[in-house]
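Text of the file data18.cif, holding mmCIF, N, CA and C atoms and all ligand atoms:
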```
data_model
#
loop_
_atom_site.group_PDB
_atom_site.id
_atom_site.type_symbol
_atom_site.label_atom_id
_atom_site.label_comp_id
_atom_site.auth_asym_id
_atom_site.auth_seq_id
_atom_site.Cartn_x
_atom_site.Cartn_y
_atom_site.Cartn_z
ATOM 1 N N MET A 1 194.399 127.759 68.993
ATOM 2 C CA MET A 1 194.114 126.513 69.695
ATOM 3 C C MET A 1 193.825 125.405 68.680
ATOM 4 N N LYS A 2 194.378 124.253 68.913
ATOM 5 C CA LYS A 2 194.096 123.132 68.030
ATOM 6 C C LYS A 2 192.755 122.514 68.411
ATOM 7 N N ARG A 3 191.924 122.259 67.395
ATOM 8 C CA ARG A 3 190.626 121.647 67.658
ATOM 9 C C ARG A 3 190.586 120.265 67.022
ATOM 10 N N PRO A 4 190.233 119.231 67.790
ATOM 11 C CA PRO A 4 190.154 117.894 67.214
ATOM 12 C C PRO A 4 188.916 117.748 66.345
ATOM 13 N N VAL A 5 189.078 117.071 65.242
ATOM 14 C CA VAL A 5 187.950 116.755 64.362
ATOM 15 C C VAL A 5 188.047 115.275 63.988
ATOM 16 N N VAL A 6 186.885 114.667 63.784
ATOM 17 C CA VAL A 6 186.834 113.248 63.453
ATOM 18 C C VAL A 6 186.439 113.081 61.990
ATOM 19 N N ASP A 7 187.193 112.273 61.279
ATOM 20 C CA ASP A 7 186.846 111.920 59.901
ATOM 21 C C ASP A 7 185.860 110.752 59.964
ATOM 22 N N TYR A 8 184.599 111.045 59.678
ATOM 23 C CA TYR A 8 183.555 110.035 59.829
ATOM 24 C C TYR A 8 183.638 108.936 58.785
ATOM 25 N N ASP A 9 184.312 109.180 57.723
ATOM 26 C CA ASP A 9 184.494 108.117 56.730
ATOM 27 C C ASP A 9 185.452 107.052 57.260
ATOM 28 N N LEU A 10 186.318 107.447 58.185
ATOM 29 C CA LEU A 10 187.316 106.516 58.717
ATOM 30 C C LEU A 10 186.902 105.904 60.050
ATOM 31 N N CYS A 11 186.214 106.673 60.888
ATOM 32 C CA CYS A 11 185.900 106.221 62.247
ATOM 33 C C CYS A 11 185.087 104.934 62.226
ATOM 34 N N ILE A 12 185.506 103.977 63.062
ATOM 35 C CA ILE A 12 184.800 102.699 63.176
ATOM 36 C C ILE A 12 184.113 102.552 64.538
ATOM 37 N N GLY A 13 184.116 103.628 65.315
ATOM 38 C CA GLY A 13 183.380 103.628 66.578
ATOM 39 C C GLY A 13 183.951 102.730 67.653
ATOM 40 N N CYS A 14 185.245 102.532 67.662
ATOM 41 C CA CYS A 14 185.856 101.596 68.612
ATOM 42 C C CYS A 14 185.833 102.105 70.050
ATOM 43 N N GLY A 15 185.749 103.416 70.226
ATOM 44 C CA GLY A 15 185.661 103.980 71.567
ATOM 45 C C GLY A 15 186.988 104.266 72.239
ATOM 46 N N SER A 16 188.080 103.989 71.593
ATOM 47 C CA SER A 16 189.389 104.227 72.227
ATOM 48 C C SER A 16 189.596 105.696 72.564
ATOM 49 N N CYS A 17 189.163 106.580 71.692
ATOM 50 C CA CYS A 17 189.346 108.008 71.956
ATOM 51 C C CYS A 17 188.530 108.447 73.165
ATOM 52 N N VAL A 18 187.366 107.832 73.367
ATOM 53 C CA VAL A 18 186.525 108.160 74.516
ATOM 54 C C VAL A 18 187.205 107.728 75.804
ATOM 55 N N GLU A 19 187.869 106.591 75.775
ATOM 56 C CA GLU A 19 188.583 106.127 76.961
ATOM 57 C C GLU A 19 189.697 107.088 77.335
ATOM 58 N N VAL A 20 190.371 107.637 76.335
ATOM 59 C CA VAL A 20 191.485 108.550 76.598
ATOM 60 C C VAL A 20 190.972 109.953 76.922
ATOM 61 N N CYS A 21 189.982 110.418 76.194
ATOM 62 C CA CYS A 21 189.486 111.793 76.333
ATOM 63 C C CYS A 21 187.962 111.807 76.438
ATOM 64 N N PRO A 22 187.407 111.366 77.563
ATOM 65 C CA PRO A 22 185.946 111.300 77.688
ATOM 66 C C PRO A 22 185.262 112.662 77.704
ATOM 67 N N GLU A 23 186.005 113.718 78.002
ATOM 68 C CA GLU A 23 185.391 115.047 77.990
ATOM 69 C C GLU A 23 185.326 115.626 76.584
ATOM 70 N N VAL A 24 186.065 115.022 75.690
ATOM 71 C CA VAL A 24 186.156 115.579 74.339
ATOM 72 C C VAL A 24 185.360 114.757 73.326
ATOM 73 N N PHE A 25 185.401 113.421 73.476
ATOM 74 C CA PHE A 25 184.780 112.558 72.469
ATOM 75 C C PHE A 25 183.631 111.758 73.059
ATOM 76 N N GLN A 26 182.654 111.462 72.214
ATOM 77 C CA GLN A 26 181.533 110.610 72.598
ATOM 78 C C GLN A 26 181.142 109.771 71.388
ATOM 79 N N VAL A 27 181.019 108.448 71.597
ATOM 80 C CA VAL A 27 180.550 107.588 70.512
ATOM 81 C C VAL A 27 179.040 107.455 70.628
ATOM 82 N N ARG A 28 178.339 107.756 69.550
ATOM 83 C CA ARG A 28 176.876 107.732 69.575
ATOM 84 C C ARG A 28 176.348 106.470 68.908
ATOM 85 N N ASP A 29 175.019 106.383 68.827
ATOM 86 C CA ASP A 29 174.366 105.168 68.352
ATOM 87 C C ASP A 29 174.763 104.797 66.924
ATOM 88 N N ASP A 30 175.192 105.787 66.152
ATOM 89 C CA ASP A 30 175.602 105.476 64.775
ATOM 90 C C ASP A 30 177.049 104.974 64.717
ATOM 91 N N GLU A 31 177.641 104.740 65.917
ATOM 92 C CA GLU A 31 178.986 104.190 66.029
ATOM 93 C C GLU A 31 180.042 105.069 65.364
ATOM 94 N N LYS A 32 179.854 106.360 65.543
ATOM 95 C CA LYS A 32 180.861 107.341 65.139
ATOM 96 C C LYS A 32 181.201 108.188 66.359
ATOM 97 N N ALA A 33 182.445 108.616 66.429
ATOM 98 C CA ALA A 33 182.868 109.460 67.542
ATOM 99 C C ALA A 33 182.585 110.918 67.216
ATOM 100 N N TYR A 34 181.934 111.608 68.158
ATOM 101 C CA TYR A 34 181.636 113.022 67.992
ATOM 102 C C TYR A 34 182.462 113.840 68.967
ATOM 103 N N VAL A 35 182.866 115.005 68.530
ATOM 104 C CA VAL A 35 183.583 115.925 69.409
ATOM 105 C C VAL A 35 182.536 116.695 70.203
ATOM 106 N N ILE A 36 182.486 116.454 71.508
ATOM 107 C CA ILE A 36 181.478 117.108 72.351
ATOM 108 C C ILE A 36 182.093 118.228 73.177
ATOM 109 N N GLY A 37 183.423 118.311 73.176
ATOM 110 C CA GLY A 37 184.049 119.348 73.995
ATOM 111 C C GLY A 37 185.377 119.763 73.409
ATOM 112 N N GLU A 38 185.330 120.390 72.241
ATOM 113 C CA GLU A 38 186.595 120.697 71.567
ATOM 114 C C GLU A 38 187.475 121.625 72.395
ATOM 115 N N ASP A 39 186.856 122.453 73.245
ATOM 116 C CA ASP A 39 187.644 123.366 74.067
ATOM 117 C C ASP A 39 188.214 122.697 75.301
ATOM 118 N N LYS A 40 187.901 121.408 75.474
ATOM 119 C CA LYS A 40 188.433 120.672 76.624
ATOM 120 C C LYS A 40 189.774 120.011 76.308
ATOM 121 N N CYS A 41 190.240 120.186 75.083
ATOM 122 C CA CYS A 41 191.416 119.419 74.676
ATOM 123 C C CYS A 41 192.693 119.894 75.357
ATOM 124 N N ASN A 42 192.640 121.027 76.018
ATOM 125 C CA ASN A 42 193.836 121.461 76.730
ATOM 126 C C ASN A 42 193.944 120.852 78.121
ATOM 127 N N THR A 43 192.884 120.213 78.559
ATOM 128 C CA THR A 43 192.921 119.626 79.894
ATOM 129 C C THR A 43 193.238 118.134 79.862
ATOM 130 N N CYS A 44 193.230 117.557 78.682
ATOM 131 C CA CYS A 44 193.643 116.159 78.568
ATOM 132 C C CYS A 44 194.441 116.038 77.265
ATOM 133 N N ASP A 45 194.949 114.897 77.026
ATOM 134 C CA ASP A 45 195.914 114.772 75.938
ATOM 135 C C ASP A 45 195.275 114.230 74.671
ATOM 136 N N CYS A 46 194.721 115.111 73.859
ATOM 137 C CA CYS A 46 194.069 114.654 72.629
ATOM 138 C C CYS A 46 195.066 114.112 71.617
ATOM 139 N N GLU A 47 196.304 114.495 71.757
ATOM 140 C CA GLU A 47 197.318 113.879 70.898
ATOM 141 C C GLU A 47 197.332 112.374 71.139
ATOM 142 N N GLU A 48 197.147 112.011 72.391
ATOM 143 C CA GLU A 48 197.125 110.599 72.735
ATOM 144 C C GLU A 48 195.927 109.914 72.084
ATOM 145 N N ALA A 49 194.784 110.583 72.098
ATOM 146 C CA ALA A 49 193.599 110.023 71.447
ATOM 147 C C ALA A 49 193.844 109.846 69.952
ATOM 148 N N ALA A 50 194.458 110.844 69.347
ATOM 149 C CA ALA A 50 194.754 110.753 67.917
ATOM 150 C C ALA A 50 195.708 109.601 67.638
ATOM 151 N N ASN A 51 196.658 109.421 68.537
ATOM 152 C CA ASN A 51 197.640 108.358 68.328
ATOM 153 C C ASN A 51 197.051 106.968 68.561
ATOM 154 N N ILE A 52 196.084 106.878 69.480
ATOM 155 C CA ILE A 52 195.527 105.569 69.813
ATOM 156 C C ILE A 52 194.467 105.140 68.793
ATOM 157 N N CYS A 53 193.931 106.082 68.050
ATOM 158 C CA CYS A 53 192.890 105.757 67.063
ATOM 159 C C CYS A 53 193.452 104.780 66.023
ATOM 160 N N PRO A 54 192.827 103.604 65.877
ATOM 161 C CA PRO A 54 193.399 102.580 65.005
ATOM 162 C C PRO A 54 193.316 102.912 63.518
ATOM 163 N N VAL A 55 192.464 103.872 63.172
ATOM 164 C CA VAL A 55 192.301 104.195 61.747
ATOM 165 C C VAL A 55 192.712 105.636 61.434
ATOM 166 N N GLU A 56 193.359 106.285 62.415
ATOM 167 C CA GLU A 56 193.861 107.648 62.240
ATOM 168 C C GLU A 56 192.765 108.615 61.786
ATOM 169 N N ALA A 57 191.603 108.491 62.448
ATOM 170 C CA ALA A 57 190.455 109.327 62.071
ATOM 171 C C ALA A 57 190.459 110.683 62.758
ATOM 172 N N ILE A 58 191.304 110.864 63.772
ATOM 173 C CA ILE A 58 191.307 112.128 64.525
ATOM 174 C C ILE A 58 192.390 113.043 63.991
ATOM 175 N N LYS A 59 191.938 114.178 63.492
ATOM 176 C CA LYS A 59 192.850 115.206 62.962
ATOM 177 C C LYS A 59 192.703 116.455 63.820
ATOM 178 N N PHE A 60 193.520 117.434 63.526
ATOM 179 C CA PHE A 60 193.442 118.697 64.264
ATOM 180 C C PHE A 60 193.352 119.862 63.301
ATOM 181 N N GLU A 61 192.508 120.825 63.668
ATOM 182 C CA GLU A 61 192.419 122.081 62.927
ATOM 183 C C GLU A 61 192.900 123.189 63.834
ATOM 184 N N GLU A 62 193.503 124.180 63.236
ATOM 185 C CA GLU A 62 193.957 125.343 64.034
ATOM 186 C C GLU A 62 192.771 126.241 64.317
HETATM 187 S S1 LIG B 101 189.473 106.012 68.323
HETATM 188 FE FE1 LIG B 101 189.168 106.572 66.138
HETATM 189 S S2 LIG B 101 187.935 104.895 65.275
HETATM 190 FE FE2 LIG B 101 187.800 104.728 67.513
HETATM 191 S S3 LIG B 101 185.905 105.850 68.032
HETATM 192 FE FE3 LIG B 101 187.621 107.296 68.228
HETATM 193 S S4 LIG B 101 187.756 108.341 66.230
HETATM 194 FE FE4 LIG B 101 186.517 106.503 65.935
#
```

Taking this structure as input, can you express it in the form of structure tokens?
Amino acid sequence: MKRPVVDYDLCIGCGSCVEVCPEVFQVRDDEKAYVIGEDKCNTCDCEEAANICPVEAIKFEE
């Protein structure tokens, strides 16, 4: 299963990934996106979240 991971050095906390995948990502007070439901990525399109991220901070691990 592919698991989404966020590169915190790149993330600017824009929230776009949360709009696409609210079950998977959450932006916290430090304005970084956290993966809160990595096993939920099969129910929504995390590829879309990765593609919409303006700084390409979302990667995938096997
Ligand atoms: S879309 Fe990218 S930059 Fe924006 S909050 Fe998500 S991971 Fe961070």

Taking only residues of chain A that have an atom at most 8 Å from an atom of ligand LIG 101 (chain B), what is each one's shortest atom pair and its distance in Å to one decimal, using only C-alpha atoms and all ligand atoms, in chain and number order, as a Markdown table?
```
| residue | atom | partner | partner_atom | distance |
| --- | --- | --- | --- | --- |
| A:Val6 | CA | B:LIG101 | S4 | 5.7 |
| A:Asp7 | CA | B:LIG101 | S4 | 7.3 |
| A:Tyr8 | CA | B:LIG101 | FE4 | 7.7 |
| A:Leu10 | CA | B:LIG101 | S2 | 6.8 |
| A:Cys11 | CA | B:LIG101 | FE4 | 3.7 |
| A:Ile12 | CA | B:LIG101 | S2 | 4.4 |
| A:Gly13 | CA | B:LIG101 | S3 | 3.7 |
| A:Cys14 | CA | B:LIG101 | FE2 | 3.8 |
| A:Gly15 | CA | B:LIG101 | S3 | 4.0 |
| A:Ser16 | CA | B:LIG101 | S1 | 4.3 |
| A:Cys17 | CA | B:LIG101 | S1 | 4.1 |
| A:Val18 | CA | B:LIG101 | FE3 | 6.4 |
| A:Phe25 | CA | B:LIG101 | FE3 | 7.3 |
| A:Gln26 | CA | B:LIG101 | S3 | 7.9 |
| A:Val27 | CA | B:LIG101 | S3 | 6.2 |
| A:Glu31 | CA | B:LIG101 | S3 | 7.4 |
| A:Lys32 | CA | B:LIG101 | FE4 | 5.8 |
| A:Ala33 | CA | B:LIG101 | S3 | 4.7 |
| A:Tyr34 | CA | B:LIG101 | S4 | 7.9 |
| A:Ala49 | CA | B:LIG101 | S1 | 6.5 |
| A:Ala50 | CA | B:LIG101 | S1 | 7.1 |
| A:Ile52 | CA | B:LIG101 | S1 | 6.3 |
| A:Cys53 | CA | B:LIG101 | S1 | 3.7 |
| A:Pro54 | CA | B:LIG101 | FE1 | 5.9 |
| A:Val55 | CA | B:LIG101 | S2 | 5.7 |
| A:Glu56 | CA | B:LIG101 | FE1 | 6.2 |
| A:Ala57 | CA | B:LIG101 | S4 | 5.1 |
| A:Ile58 | CA | B:LIG101 | S4 | 5.5 |
```

May I have the selected residues written with N, CA and C atoms, as a tab-separated table (two decimals), keeping the file's coordinate frame?
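result.tsv written:
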```
chain	number	residue	atom	x	y	z
A	6	VAL	N	186.88	114.67	63.78
A	6	VAL	CA	186.83	113.25	63.45
A	6	VAL	C	186.44	113.08	61.99
A	7	ASP	N	187.19	112.27	61.28
A	7	ASP	CA	186.85	111.92	59.90
A	7	ASP	C	185.86	110.75	59.96
A	8	TYR	N	184.60	111.04	59.68
A	8	TYR	CA	183.56	110.04	59.83
A	8	TYR	C	183.64	108.94	58.78
A	10	LEU	N	186.32	107.45	58.18
A	10	LEU	CA	187.32	106.52	58.72
A	10	LEU	C	186.90	105.90	60.05
A	11	CYS	N	186.21	106.67	60.89
A	11	CYS	CA	185.90	106.22	62.25
A	11	CYS	C	185.09	104.93	62.23
A	12	ILE	N	185.51	103.98	63.06
A	12	ILE	CA	184.80	102.70	63.18
A	12	ILE	C	184.11	102.55	64.54
A	13	GLY	N	184.12	103.63	65.32
A	13	GLY	CA	183.38	103.63	66.58
A	13	GLY	C	183.95	102.73	67.65
A	14	CYS	N	185.24	102.53	67.66
A	14	CYS	CA	185.86	101.60	68.61
A	14	CYS	C	185.83	102.10	70.05
A	15	GLY	N	185.75	103.42	70.23
A	15	GLY	CA	185.66	103.98	71.57
A	15	GLY	C	186.99	104.27	72.24
A	16	SER	N	188.08	103.99	71.59
A	16	SER	CA	189.39	104.23	72.23
A	16	SER	C	189.60	105.70	72.56
A	17	CYS	N	189.16	106.58	71.69
A	17	CYS	CA	189.35	108.01	71.96
A	17	CYS	C	188.53	108.45	73.17
A	18	VAL	N	187.37	107.83	73.37
A	18	VAL	CA	186.52	108.16	74.52
A	18	VAL	C	187.20	107.73	75.80
A	25	PHE	N	185.40	113.42	73.48
A	25	PHE	CA	184.78	112.56	72.47
A	25	PHE	C	183.63	111.76	73.06
A	26	GLN	N	182.65	111.46	72.21
A	26	GLN	CA	181.53	110.61	72.60
A	26	GLN	C	181.14	109.77	71.39
A	27	VAL	N	181.02	108.45	71.60
A	27	VAL	CA	180.55	107.59	70.51
A	27	VAL	C	179.04	107.46	70.63
A	31	GLU	N	177.64	104.74	65.92
A	31	GLU	CA	178.99	104.19	66.03
A	31	GLU	C	180.04	105.07	65.36
A	32	LYS	N	179.85	106.36	65.54
A	32	LYS	CA	180.86	107.34	65.14
A	32	LYS	C	181.20	108.19	66.36
A	33	ALA	N	182.44	108.62	66.43
A	33	ALA	CA	182.87	109.46	67.54
A	33	ALA	C	182.58	110.92	67.22
A	34	TYR	N	181.93	111.61	68.16
A	34	TYR	CA	181.64	113.02	67.99
A	34	TYR	C	182.46	113.84	68.97
A	49	ALA	N	194.78	110.58	72.10
A	49	ALA	CA	193.60	110.02	71.45
A	49	ALA	C	193.84	109.85	69.95
A	50	ALA	N	194.46	110.84	69.35
A	50	ALA	CA	194.75	110.75	67.92
A	50	ALA	C	195.71	109.60	67.64
A	52	ILE	N	196.08	106.88	69.48
A	52	ILE	CA	195.53	105.57	69.81
A	52	ILE	C	194.47	105.14	68.79
A	53	CYS	N	193.93	106.08	68.05
A	53	CYS	CA	192.89	105.76	67.06
A	53	CYS	C	193.45	104.78	66.02
A	54	PRO	N	192.83	103.60	65.88
A	54	PRO	CA	193.40	102.58	65.00
A	54	PRO	C	193.32	102.91	63.52
A	55	VAL	N	192.46	103.87	63.17
A	55	VAL	CA	192.30	104.20	61.75
A	55	VAL	C	192.71	105.64	61.43
A	56	GLU	N	193.36	106.28	62.42
A	56	GLU	CA	193.86	107.65	62.24
A	56	GLU	C	192.76	108.62	61.79
A	57	ALA	N	191.60	108.49	62.45
A	57	ALA	CA	190.46	109.33	62.07
A	57	ALA	C	190.46	110.68	62.76
A	58	ILE	N	191.30	110.86	63.77
A	58	ILE	CA	191.31	112.13	64.53
A	58	ILE	C	192.39	113.04	63.99
```

**Study point:** Explicit residue set for the PyMOL selection byres (((chain A and resi 41) around 8) and not hetatm), as JSON, numbers by chain
**Key:** {"A": [2, 3, 4, 23, 24, 37, 38, 39, 40, 42, 43, 44, 45, 46, 47]}

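Atom to atom, atom CA of Glu61 of chain A and atom CA of Val5 of chain A stand 7.1 Å apart.
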
Practice item. If you run DSSP over the backbone, which residues in chain A end up strand (DSSP E or B)? Put them as a PyMOL selection string. Key: chain A and resi 3-6+25-27+33-35+58-61

Please write a file for segment 46-57 of chain A, taken from the block I just shared, that holds C-alpha atoms and is laid out as a PDB file, in the first residue's frame.
```pdb
ATOM      1  CA  CYS A  46      -4.261  11.134  -2.671  1.00  0.00           C
ATOM      2  CA  GLU A  47      -2.610  11.311  -6.047  1.00  0.00           C
ATOM      3  CA  GLU A  48      -4.808  14.319  -6.589  1.00  0.00           C
ATOM      4  CA  ALA A  49      -3.615  15.847  -3.323  1.00  0.00           C
ATOM      5  CA  ALA A  50      -0.017  15.265  -4.349  1.00  0.00           C
ATOM      6  CA  ASN A  51      -0.681  16.854  -7.706  1.00  0.00           C
ATOM      7  CA  ILE A  52      -2.486  19.878  -6.275  1.00  0.00           C
ATOM      8  CA  CYS A  53       0.253  20.622  -3.725  1.00  0.00           C
ATOM      9  CA  PRO A  54       1.940  23.800  -5.007  1.00  0.00           C
ATOM     10  CA  VAL A  55       5.354  22.862  -3.630  1.00  0.00           C
ATOM     11  CA  GLU A  56       5.265  19.107  -4.328  1.00  0.00           C
ATOM     12  CA  ALA A  57       5.603  18.305  -0.628  1.00  0.00           C
TER      13      ALA A  57
END
```
